[in-house]
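In what follows, a structure is listed as structure tokens, so that the remarks can point back to it.
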Amino acid sequence: MHESTRKSVTARLRRIEGQVGGLLRMVEEDRYCVDLLTQINAVRAALHKVERQVLEDHVSHCVADAFAGGDAVEQKHKVHELVETIGRMTR
């Protein structure tokens, strides 16, 4: 992972960690269900942003490097890996 991506993802995940802690407090305080669902949706959206950022970094570096290297076996492996990963993300 590129260093700038690592820093950005780390910061985002720390914020998400705080959001999840807030969700736990909301449950413990027996807060209104709709408020909980709203916050759960916010956490999900934040995780999707992290997911997209990591995927973009992977394609920009790992996959691109495999294609720049010219190794057909490695290229095929990276394409298969990418398709499988995206498939899991869209379930």
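By order in the structure tokens, chains are A, B, ...; within a chain, residues start at 1; ligands start at 1, following the order shown.
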Show me a table, sorted first by chain and then by increasing residue number, of the residues of stretch 25-48 of chain A having an atom at most 10 Å from stretch 15-18 of chain A, each with its shortest atom pair and the distance in Å to one decimal, counting only C-alpha atoms and written as JSON lines.
```
{"residue": "A:Ala42", "atom": "CA", "partner": "A:Ile16", "partner_atom": "CA", "distance": 9.1}
{"residue": "A:Val43", "atom": "CA", "partner": "A:Ile16", "partner_atom": "CA", "distance": 6.3}
{"residue": "A:Arg44", "atom": "CA", "partner": "A:Ile16", "partner_atom": "CA", "distance": 9.1}
{"residue": "A:Ala45", "atom": "CA", "partner": "A:Ile16", "partner_atom": "CA", "distance": 9.9}
{"residue": "A:Ala46", "atom": "CA", "partner": "A:Ile16", "partner_atom": "CA", "distance": 6.9}
{"residue": "A:Leu47", "atom": "CA", "partner": "A:Ile16", "partner_atom": "CA", "distance": 7.5}
```
Near stretch 20-30 of chain A, counting only C-alpha atoms, which residues have an atom at most 9 Å away, once you skip same-chain residues fewer than 6 positions from it, shown as a list in words?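 Neighbouring residues, sequence-local ones excluded: Leu36, Gln39, Ile40 and Val43 of chain A.
Excluding A:Val83 itself and same-chain residues fewer than 5 positions from it, the residues having an atom within 12 Å of it are A:Leu55, A:Val59, A:Val63, A:Lys76, A:His77, A:Lys78, A:Arg88, A:Met89, A:Thr90, counting only C-alpha atoms.
Among the candidates A:Gln53, A:Leu37, A:Ile86, A:Phe67, the one nearest to A:Thr10 when counting only C-alpha atoms is A:Gln53.
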Determine, counting only C-alpha atoms, which protein, DNA and RNA residues have an atom within 12 Å of an atom of A:Ser8; residues of the same chain fewer than 6 positions away are not included. Present the result as a PyMOL selection string. chain A and resi 1-2+14-15+49-51+53-54+57
In chain A, DSSP alpha helix (DSSP H) residues written as number ranges by chain: A: 3-28, 33-58, 64-69, 72-89
